[in-house]
Amino acid sequence: MPLLQLYDQLLQFALFQGMSRDDLAQVAGHTKFGFHKLSAGQTVVAADDPCTQLFFLLSGTLQVETFSDDRSYSVVEELTAPYLLQPEAIFGYHQRFTHTFKTSTECRFITLDKPEVMRLFEQFLVFRLNLLNIYATQSQKRQQQLWHRYPETLTQRIVRFLSQRCLYPAGPKTFHILMTRLADEVGDSRLDVSRALNQLQHDGLLQLHRGRIEIPQMENLLMQ
């Protein structure tokens, strides 16, 4: 890949933003990047795979599936380029992916092995600060969720349950979950949950199917 094109590709991602042209030239010229193209329908990484490298999605759309711990329900969502797949998984106590990423369309990736990540972390202050900012932002958002006001209505509790299990709070989502399990999760009866969901369906915010909830645009549901 020509250097100028590689500059542009790297600058799509927060990890490389703010780096000087000289630093970017050094990164592009001395870093062992992997370049990959996957056709639609292929698994990029699966949940519980070891995270030994960073995956930078340059183009295309991914389908991401996440299961509950007991695998009794899951959510499927779409993410589009540019996107960095779970950078937090490469460090820490649990160095494994927790989501399954599959290609919905043809996708192009740049990959960066962990030794190369460590070298860039040590060598470039901006890269180090950018990575720390990503981790700090994720931690702060999760801590803030604990202090949000408790939802006053059942509909608000349902919306919060659904939104908190998404990687990105916008776009289409598909939840595979039984009505009884959703009722248990939000602390209400199955009948009342059914009524609330049917009202949301009447308002055009989701579609109900047997064991499945389709949300065309999560951002619209969040406005409830």
# chains A, B, ... in the order shown; residues from 1 in each chain; ligands from 1
>>> select_by_dssp(residues="range 79-157 of chain A", states="helix (DSSP H, G or I)", output="CSV table (one decimal) with N, CA, C and O atoms, in the first residue's frame")
chain,number,residue,atom,x,y,z
A,87,PRO,N,-10.4,-3.0,21.3
A,87,PRO,CA,-9.0,-2.7,21.6
A,87,PRO,C,-8.7,-3.0,23.1
A,87,PRO,O,-7.5,-3.3,23.5
A,88,GLU,N,-9.7,-3.0,24.0
A,88,GLU,CA,-9.5,-3.3,25.4
A,88,GLU,C,-9.2,-4.8,25.6
A,88,GLU,O,-8.6,-5.1,26.7
A,89,ALA,N,-9.4,-5.6,24.7
A,89,ALA,CA,-9.2,-7.1,24.9
A,89,ALA,C,-7.8,-7.5,24.7
A,89,ALA,O,-7.4,-8.6,25.2
A,90,ILE,N,-6.9,-6.6,24.2
A,90,ILE,CA,-5.5,-7.0,24.0
A,90,ILE,C,-4.7,-6.9,25.3
A,90,ILE,O,-3.6,-7.4,25.4
A,114,LYS,N,0.3,-7.8,18.8
A,114,LYS,CA,0.6,-7.2,20.1
A,114,LYS,C,2.0,-6.7,20.3
A,114,LYS,O,2.2,-5.6,20.8
A,115,PRO,N,3.1,-7.4,19.8
A,115,PRO,CA,4.4,-6.8,20.0
A,115,PRO,C,4.6,-5.5,19.3
A,115,PRO,O,5.3,-4.6,19.8
A,116,GLU,N,3.9,-5.3,18.1
A,116,GLU,CA,4.0,-4.1,17.4
A,116,GLU,C,3.2,-3.0,18.2
A,116,GLU,O,3.6,-1.8,18.2
A,117,VAL,N,2.1,-3.4,18.8
A,117,VAL,CA,1.3,-2.4,19.6
A,117,VAL,C,2.2,-1.9,20.8
A,117,VAL,O,2.2,-0.7,21.1
A,118,MET,N,2.9,-2.8,21.4
A,118,MET,CA,3.7,-2.5,22.6
A,118,MET,C,4.9,-1.6,22.1
A,118,MET,O,5.2,-0.6,22.8
A,119,ARG,N,5.4,-1.8,20.9
A,119,ARG,CA,6.5,-1.0,20.5
A,119,ARG,C,6.0,0.4,20.2
A,119,ARG,O,6.7,1.4,20.6
A,120,LEU,N,4.9,0.5,19.5
A,120,LEU,CA,4.3,1.9,19.2
A,120,LEU,C,4.0,2.6,20.5
A,120,LEU,O,4.1,3.8,20.7
A,121,PHE,N,3.5,1.8,21.5
A,121,PHE,CA,3.1,2.4,22.8
A,121,PHE,C,4.3,3.0,23.5
A,121,PHE,O,4.2,4.1,24.1
A,122,GLU,N,5.4,2.3,23.4
A,122,GLU,CA,6.7,2.8,24.1
A,122,GLU,C,7.3,3.9,23.3
A,122,GLU,O,7.9,4.8,23.9
A,123,GLN,N,7.2,3.9,22.0
A,123,GLN,CA,8.0,4.8,21.1
A,123,GLN,C,7.3,6.2,20.9
A,123,GLN,O,7.9,7.2,20.7
A,125,LEU,N,4.5,9.0,22.1
A,125,LEU,CA,3.7,9.5,23.1
A,125,LEU,C,2.2,9.7,22.7
A,125,LEU,O,1.3,9.4,23.5
A,126,VAL,N,2.0,10.2,21.5
A,126,VAL,CA,0.6,10.4,21.1
A,126,VAL,C,-0.2,9.1,21.0
A,126,VAL,O,-1.3,9.0,21.4
A,127,PHE,N,0.5,8.1,20.5
A,127,PHE,CA,-0.1,6.8,20.4
A,127,PHE,C,-0.5,6.3,21.8
A,127,PHE,O,-1.6,5.8,22.0
A,128,ARG,N,0.5,6.5,22.7
A,128,ARG,CA,0.2,6.1,24.1
A,128,ARG,C,-0.9,6.8,24.7
A,128,ARG,O,-1.8,6.2,25.4
A,129,LEU,N,-1.0,8.1,24.5
A,129,LEU,CA,-2.1,8.9,25.1
A,129,LEU,C,-3.4,8.5,24.5
A,129,LEU,O,-4.4,8.5,25.1
A,130,ASN,N,-3.4,8.3,23.2
A,130,ASN,CA,-4.6,7.9,22.5
A,130,ASN,C,-5.2,6.6,23.0
A,130,ASN,O,-6.4,6.5,23.2
A,131,LEU,N,-4.3,5.6,23.2
A,131,LEU,CA,-4.8,4.3,23.7
A,131,LEU,C,-5.3,4.5,25.1
A,131,LEU,O,-6.3,3.9,25.5
A,132,LEU,N,-4.6,5.2,26.0
A,132,LEU,CA,-5.0,5.4,27.3
A,132,LEU,C,-6.4,6.2,27.3
A,132,LEU,O,-7.3,5.9,28.2
A,133,ASN,N,-6.6,7.1,26.4
A,133,ASN,CA,-7.8,7.8,26.4
A,133,ASN,C,-9.0,6.9,26.0
A,133,ASN,O,-10.1,7.1,26.5
A,134,ILE,N,-8.7,6.0,25.1
A,134,ILE,CA,-9.8,5.0,24.7
A,134,ILE,C,-10.2,4.2,25.9
A,134,ILE,O,-11.4,4.0,26.2
A,135,TYR,N,-9.2,3.7,26.7
A,135,TYR,CA,-9.5,2.9,27.8
A,135,TYR,C,-10.2,3.7,28.9
A,135,TYR,O,-11.2,3.3,29.6
A,136,ALA,N,-9.7,4.9,29.1
A,136,ALA,CA,-10.3,5.8,30.2
A,136,ALA,C,-11.8,6.2,29.8
A,136,ALA,O,-12.6,6.2,30.7
A,137,THR,N,-12.0,6.5,28.6
A,137,THR,CA,-13.4,6.8,28.1
A,137,THR,C,-14.3,5.7,28.3
A,137,THR,O,-15.5,5.8,28.8
A,138,GLN,N,-13.9,4.4,28.0
A,138,GLN,CA,-14.7,3.3,28.2
A,138,GLN,C,-15.1,3.1,29.7
A,138,GLN,O,-16.2,2.8,30.1
A,139,SER,N,-14.0,3.2,30.5
A,139,SER,CA,-14.2,3.0,32.0
A,139,SER,C,-15.2,4.1,32.5
A,139,SER,O,-16.1,3.8,33.3
A,140,GLN,N,-15.0,5.3,32.1
A,140,GLN,CA,-15.8,6.4,32.6
A,140,GLN,C,-17.3,6.3,32.2
A,140,GLN,O,-18.2,6.5,33.0
A,141,LYS,N,-17.5,5.9,31.0
A,141,LYS,CA,-18.9,5.7,30.5
A,141,LYS,C,-19.6,4.6,31.3
A,141,LYS,O,-20.8,4.7,31.7
A,142,ARG,N,-18.9,3.5,31.6
A,142,ARG,CA,-19.5,2.4,32.4
A,142,ARG,C,-19.7,2.8,33.8
A,142,ARG,O,-20.7,2.4,34.4
A,143,GLN,N,-18.9,3.6,34.4
A,143,GLN,CA,-19.1,4.1,35.8
A,143,GLN,C,-20.3,5.0,35.8
A,143,GLN,O,-21.1,5.0,36.8
A,144,GLN,N,-20.4,5.9,34.8
A,144,GLN,CA,-21.5,6.8,34.8
A,144,GLN,C,-22.9,6.1,34.7
A,144,GLN,O,-23.9,6.6,35.3
A,145,GLN,N,-22.9,5.0,34.0
A,145,GLN,CA,-24.2,4.3,33.9
A,145,GLN,C,-24.7,3.9,35.3
A,145,GLN,O,-26.0,3.9,35.4
A,154,LEU,N,-42.0,1.2,32.9
A,154,LEU,CA,-41.6,-0.1,32.3
A,154,LEU,C,-41.0,0.1,31.0
A,154,LEU,O,-40.0,-0.6,30.6
A,155,THR,N,-41.6,0.9,30.1
A,155,THR,CA,-41.0,1.1,28.8
A,155,THR,C,-39.6,1.6,28.9
A,155,THR,O,-38.7,1.2,28.1
A,156,GLN,N,-39.3,2.6,29.8
A,156,GLN,CA,-38.0,3.1,30.0
A,156,GLN,C,-37.0,2.0,30.5
A,156,GLN,O,-35.9,2.0,30.1
A,157,ARG,N,-37.5,1.1,31.3
A,157,ARG,CA,-36.6,0.0,31.8
A,157,ARG,C,-36.3,-1.0,30.6
A,157,ARG,O,-35.2,-1.4,30.5
>>> residues_around(residues="Arg96 in chain A", least_positions_apart="3", cutoff="12 Å", atoms="only C-alpha atoms", output="ChimeraX atom specification")
/A:45-54,85-93,99-100
>>> write_last_selection(atoms="N, CA and C atoms", output="PDB file, in the first residue's frame")
ATOM      1  N   VAL A  45     -13.380 -12.776  14.017  1.00  0.00           N
ATOM      2  CA  VAL A  45     -12.998 -13.380  15.291  1.00  0.00           C
ATOM      3  C   VAL A  45     -14.275 -13.847  15.977  1.00  0.00           C
ATOM      4  N   ALA A  46     -14.154 -14.867  16.827  1.00  0.00           N
ATOM      5  CA  ALA A  46     -15.299 -15.383  17.572  1.00  0.00           C
ATOM      6  C   ALA A  46     -15.124 -15.079  19.049  1.00  0.00           C
ATOM      7  N   ALA A  47     -16.241 -14.974  19.750  1.00  0.00           N
ATOM      8  CA  ALA A  47     -16.193 -14.755  21.189  1.00  0.00           C
ATOM      9  C   ALA A  47     -15.348 -15.836  21.848  1.00  0.00           C
ATOM     10  N   ASP A  48     -14.488 -15.418  22.756  1.00  0.00           N
ATOM     11  CA  ASP A  48     -13.558 -16.257  23.512  1.00  0.00           C
ATOM     12  C   ASP A  48     -12.294 -16.603  22.749  1.00  0.00           C
ATOM     13  N   ASP A  49     -12.140 -16.110  21.514  1.00  0.00           N
ATOM     14  CA  ASP A  49     -10.849 -16.241  20.835  1.00  0.00           C
ATOM     15  C   ASP A  49      -9.815 -15.376  21.550  1.00  0.00           C
ATOM     16  N   PRO A  50      -8.567 -15.843  21.676  1.00  0.00           N
ATOM     17  CA  PRO A  50      -7.520 -14.991  22.249  1.00  0.00           C
ATOM     18  C   PRO A  50      -7.324 -13.736  21.407  1.00  0.00           C
ATOM     19  N   CYS A  51      -7.124 -12.598  22.075  1.00  0.00           N
ATOM     20  CA  CYS A  51      -6.869 -11.346  21.365  1.00  0.00           C
ATOM     21  C   CYS A  51      -5.369 -11.114  21.317  1.00  0.00           C
ATOM     22  N   THR A  52      -4.768 -11.411  20.198  1.00  0.00           N
ATOM     23  CA  THR A  52      -3.321 -11.274  20.031  1.00  0.00           C
ATOM     24  C   THR A  52      -2.956 -10.158  19.061  1.00  0.00           C
ATOM     25  N   GLN A  53      -3.963  -9.494  18.493  1.00  0.00           N
ATOM     26  CA  GLN A  53      -3.699  -8.406  17.554  1.00  0.00           C
ATOM     27  C   GLN A  53      -4.909  -7.484  17.490  1.00  0.00           C
ATOM     28  N   LEU A  54      -4.669  -6.271  17.033  1.00  0.00           N
ATOM     29  CA  LEU A  54      -5.741  -5.316  16.814  1.00  0.00           C
ATOM     30  C   LEU A  54      -6.222  -5.432  15.373  1.00  0.00           C
ATOM     31  N   LEU A  85     -11.817  -3.144  16.425  1.00  0.00           N
ATOM     32  CA  LEU A  85     -12.470  -4.231  17.141  1.00  0.00           C
ATOM     33  C   LEU A  85     -11.868  -4.421  18.532  1.00  0.00           C
ATOM     34  N   GLN A  86     -12.642  -4.146  19.556  1.00  0.00           N
ATOM     35  CA  GLN A  86     -12.329  -4.429  20.960  1.00  0.00           C
ATOM     36  C   GLN A  86     -10.858  -4.197  21.340  1.00  0.00           C
ATOM     37  N   PRO A  87     -10.380  -2.963  21.267  1.00  0.00           N
ATOM     38  CA  PRO A  87      -8.980  -2.715  21.640  1.00  0.00           C
ATOM     39  C   PRO A  87      -8.683  -3.034  23.097  1.00  0.00           C
ATOM     40  N   GLU A  88      -9.726  -3.014  23.958  1.00  0.00           N
ATOM     41  CA  GLU A  88      -9.513  -3.303  25.379  1.00  0.00           C
ATOM     42  C   GLU A  88      -9.155  -4.766  25.628  1.00  0.00           C
ATOM     43  N   ALA A  89      -9.445  -5.643  24.653  1.00  0.00           N
ATOM     44  CA  ALA A  89      -9.236  -7.076  24.870  1.00  0.00           C
ATOM     45  C   ALA A  89      -7.776  -7.491  24.749  1.00  0.00           C
ATOM     46  N   ILE A  90      -6.928  -6.624  24.218  1.00  0.00           N
ATOM     47  CA  ILE A  90      -5.528  -7.008  24.008  1.00  0.00           C
ATOM     48  C   ILE A  90      -4.696  -6.901  25.286  1.00  0.00           C
ATOM     49  N   PHE A  91      -5.233  -6.214  26.305  1.00  0.00           N
ATOM     50  CA  PHE A  91      -4.565  -6.110  27.596  1.00  0.00           C
ATOM     51  C   PHE A  91      -5.537  -6.537  28.693  1.00  0.00           C
ATOM     52  N   GLY A  92      -5.043  -6.579  29.920  1.00  0.00           N
ATOM     53  CA  GLY A  92      -5.923  -6.828  31.052  1.00  0.00           C
ATOM     54  C   GLY A  92      -5.994  -8.289  31.460  1.00  0.00           C
ATOM     55  N   TYR A  93      -6.933  -8.561  32.370  1.00  0.00           N
ATOM     56  CA  TYR A  93      -7.071  -9.891  32.951  1.00  0.00           C
ATOM     57  C   TYR A  93      -7.616 -10.909  31.958  1.00  0.00           C
ATOM     58  N   HIS A  99     -17.131 -10.746  21.786  1.00  0.00           N
ATOM     59  CA  HIS A  99     -18.146 -10.660  20.743  1.00  0.00           C
ATOM     60  C   HIS A  99     -17.679 -11.469  19.538  1.00  0.00           C
ATOM     61  N   THR A 100     -18.618 -11.918  18.736  1.00  0.00           N
ATOM     62  CA  THR A 100     -18.304 -12.586  17.480  1.00  0.00           C
ATOM     63  C   THR A 100     -18.543 -11.618  16.334  1.00  0.00           C
TER      64      THR A 100
END
>>> closest_residue(among="A:Pro151, A:Ser189, A:Ile177, A:Pro216", to="Gly204 in chain A", atoms="only C-alpha atoms")
A:Pro216
>>> closest_residue(among="A:Ile158, A:Met218, A:Leu6, A:Leu38", to="Asp184 in chain A", atoms="only C-alpha atoms")
A:Ile158
>>> closest_residue(among="A:Leu205, A:Leu191, A:Ala183, A:Leu221", to="Arg160 in chain A", atoms="only C-alpha atoms")
A:Leu221
>>> residues_around(residues="Pro82 in chain A", least_positions_apart="6", cutoff="12 Å", atoms="only C-alpha atoms", output="ChimeraX atom specification")
/A:8-14,55-62,107-110
>>> write_last_selection(atoms="N, CA, C and O atoms", output="compact mmCIF listing (two decimals), in the first residue's frame")
# COMPACT_ATOMS: atom_id res chain seq x y z
N ASP A 8 -3.64 8.06 5.22
CA ASP A 8 -5.07 8.37 5.26
C ASP A 8 -5.85 7.28 5.98
O ASP A 8 -6.78 7.57 6.74
N GLN A 9 -5.48 6.03 5.75
CA GLN A 9 -6.18 4.92 6.39
C GLN A 9 -5.97 4.96 7.90
O GLN A 9 -6.92 4.79 8.68
N LEU A 10 -4.75 5.20 8.34
CA LEU A 10 -4.46 5.22 9.77
C LEU A 10 -5.16 6.38 10.48
O LEU A 10 -5.62 6.24 11.61
N LEU A 11 -5.24 7.52 9.80
CA LEU A 11 -5.83 8.71 10.43
C LEU A 11 -7.35 8.60 10.60
O LEU A 11 -7.96 9.47 11.23
N GLN A 12 -7.95 7.55 10.07
CA GLN A 12 -9.37 7.31 10.33
C GLN A 12 -9.60 6.87 11.78
O GLN A 12 -10.72 6.96 12.27
N PHE A 13 -8.53 6.42 12.45
CA PHE A 13 -8.66 5.81 13.76
C PHE A 13 -8.05 6.68 14.84
O PHE A 13 -7.00 7.29 14.65
N ALA A 14 -8.74 6.70 15.98
CA ALA A 14 -8.33 7.58 17.09
C ALA A 14 -6.91 7.28 17.57
O ALA A 14 -6.22 8.18 18.07
N PHE A 55 -7.55 -5.34 15.20
CA PHE A 55 -8.17 -5.37 13.88
C PHE A 55 -8.77 -4.00 13.59
O PHE A 55 -9.67 -3.55 14.30
N PHE A 56 -8.30 -3.35 12.53
CA PHE A 56 -8.81 -2.05 12.10
C PHE A 56 -9.67 -2.29 10.85
O PHE A 56 -9.14 -2.66 9.80
N LEU A 57 -10.97 -2.08 10.96
CA LEU A 57 -11.85 -2.23 9.80
C LEU A 57 -11.75 -0.97 8.94
O LEU A 57 -12.16 0.12 9.35
N LEU A 58 -11.24 -1.13 7.72
CA LEU A 58 -11.04 0.00 6.81
C LEU A 58 -12.27 0.27 5.95
O LEU A 58 -12.57 1.42 5.63
N SER A 59 -12.95 -0.79 5.53
CA SER A 59 -14.13 -0.63 4.69
C SER A 59 -15.03 -1.84 4.86
O SER A 59 -14.58 -2.93 5.22
N GLY A 60 -16.32 -1.62 4.63
CA GLY A 60 -17.28 -2.71 4.74
C GLY A 60 -18.12 -2.63 6.00
O GLY A 60 -18.00 -1.70 6.81
N THR A 61 -18.97 -3.64 6.17
CA THR A 61 -19.89 -3.70 7.30
C THR A 61 -19.75 -5.04 8.02
O THR A 61 -19.64 -6.09 7.37
N LEU A 62 -19.75 -4.97 9.34
CA LEU A 62 -19.65 -6.17 10.17
C LEU A 62 -20.96 -6.46 10.87
O LEU A 62 -21.69 -5.54 11.25
N CYS A 107 -15.02 -6.91 3.34
CA CYS A 107 -14.37 -6.02 4.30
C CYS A 107 -12.86 -6.06 4.12
O CYS A 107 -12.27 -7.11 3.82
N ARG A 108 -12.26 -4.91 4.33
CA ARG A 108 -10.79 -4.81 4.33
C ARG A 108 -10.33 -4.41 5.73
O ARG A 108 -10.93 -3.56 6.38
N PHE A 109 -9.24 -5.03 6.17
CA PHE A 109 -8.69 -4.80 7.50
C PHE A 109 -7.20 -4.53 7.44
O PHE A 109 -6.49 -5.03 6.55
N ILE A 110 -6.74 -3.74 8.40
CA ILE A 110 -5.34 -3.70 8.77
C ILE A 110 -5.24 -4.35 10.14
O ILE A 110 -6.08 -4.11 11.01
>>> atom_distance(atom1="CA of Gln217 in chain A", atom2="CA of Gly171 in chain A")
4.5 Å
>>> residues_around(residues="Leu222 in chain A", least_positions_apart="3", cutoff="8 Å", atoms="only C-alpha atoms", output="short mmCIF file (atom, residue, chain, number, x, y, z; two decimals) with all heavy atoms, in the first residue's frame")
data_model
loop_
_atom_site.label_atom_id
_atom_site.label_comp_id
_atom_site.auth_asym_id
_atom_site.auth_seq_id
_atom_site.Cartn_x
_atom_site.Cartn_y
_atom_site.Cartn_z
N VAL A 159 -36.18 -0.16 27.41
CA VAL A 159 -35.26 0.55 26.52
C VAL A 159 -33.85 0.56 27.11
O VAL A 159 -32.86 0.35 26.40
CB VAL A 159 -35.75 1.98 26.25
CG1 VAL A 159 -34.68 2.79 25.50
CG2 VAL A 159 -37.04 1.95 25.44
N SER A 163 -30.60 -1.04 25.29
CA SER A 163 -29.52 -0.14 24.86
C SER A 163 -28.19 -0.46 25.55
O SER A 163 -27.13 -0.33 24.94
CB SER A 163 -29.91 1.31 25.10
OG SER A 163 -30.06 1.57 26.48
N MET A 218 -31.93 2.08 16.60
CA MET A 218 -31.86 2.18 18.06
C MET A 218 -31.94 3.62 18.54
O MET A 218 -32.51 3.90 19.59
CB MET A 218 -30.56 1.52 18.55
CG MET A 218 -30.33 1.65 20.06
SD MET A 218 -31.65 0.92 21.07
CE MET A 218 -31.26 -0.82 20.92
N GLU A 219 -31.42 4.57 17.78
CA GLU A 219 -31.44 5.96 18.21
C GLU A 219 -32.87 6.49 18.36
O GLU A 219 -33.13 7.34 19.22
CB GLU A 219 -30.62 6.86 17.27
CG GLU A 219 -31.09 6.88 15.82
CD GLU A 219 -30.43 5.83 14.94
OE1 GLU A 219 -30.17 4.71 15.43
OE2 GLU A 219 -30.20 6.13 13.76
#
>>> atom_distance(atom1="CA of Asp203 in chain A", atom2="CA of Arg190 in chain A")
20.0 Å
>>> select_by_dssp(residues="range 40-73 of chain A", states="strand (DSSP E or B)", output="PyMOL selection string")
chain A and resi 43-45+50+53-59+61-67
>>> closest_residue(among="A:His148, A:Arg165, A:Lys37, A:His94", to="Val64 in chain A", atoms="only C-alpha atoms")
A:Arg165
>>> atom_distance(atom1="CA of Thr111 in chain A", atom2="CA of His36 in chain A")
7.8 Å
>>> residues_around(residues="Val76 in chain A", least_positions_apart="2", cutoff="6 Å", atoms="only C-alpha atoms", output="PyMOL selection string")
chain A and resi 64-65+173-174
>>> write_last_selection(atoms="C-alpha atoms", output="short mmCIF file (atom, residue, chain, number, x, y, z; two decimals), in the first residue's frame")
data_model
loop_
_atom_site.label_atom_id
_atom_site.label_comp_id
_atom_site.auth_asym_id
_atom_site.auth_seq_id
_atom_site.Cartn_x
_atom_site.Cartn_y
_atom_site.Cartn_z
CA VAL A 64 -21.59 -8.44 15.66
CA GLU A 65 -23.26 -11.00 17.93
CA LYS A 173 -30.39 -4.30 16.27
CA THR A 174 -31.87 -7.77 16.60
#
>>> closest_residue(among="A:Asp69, A:Asp113, A:Glu78, A:Glu214", to="His176 in chain A", atoms="only C-alpha atoms")
A:Glu214
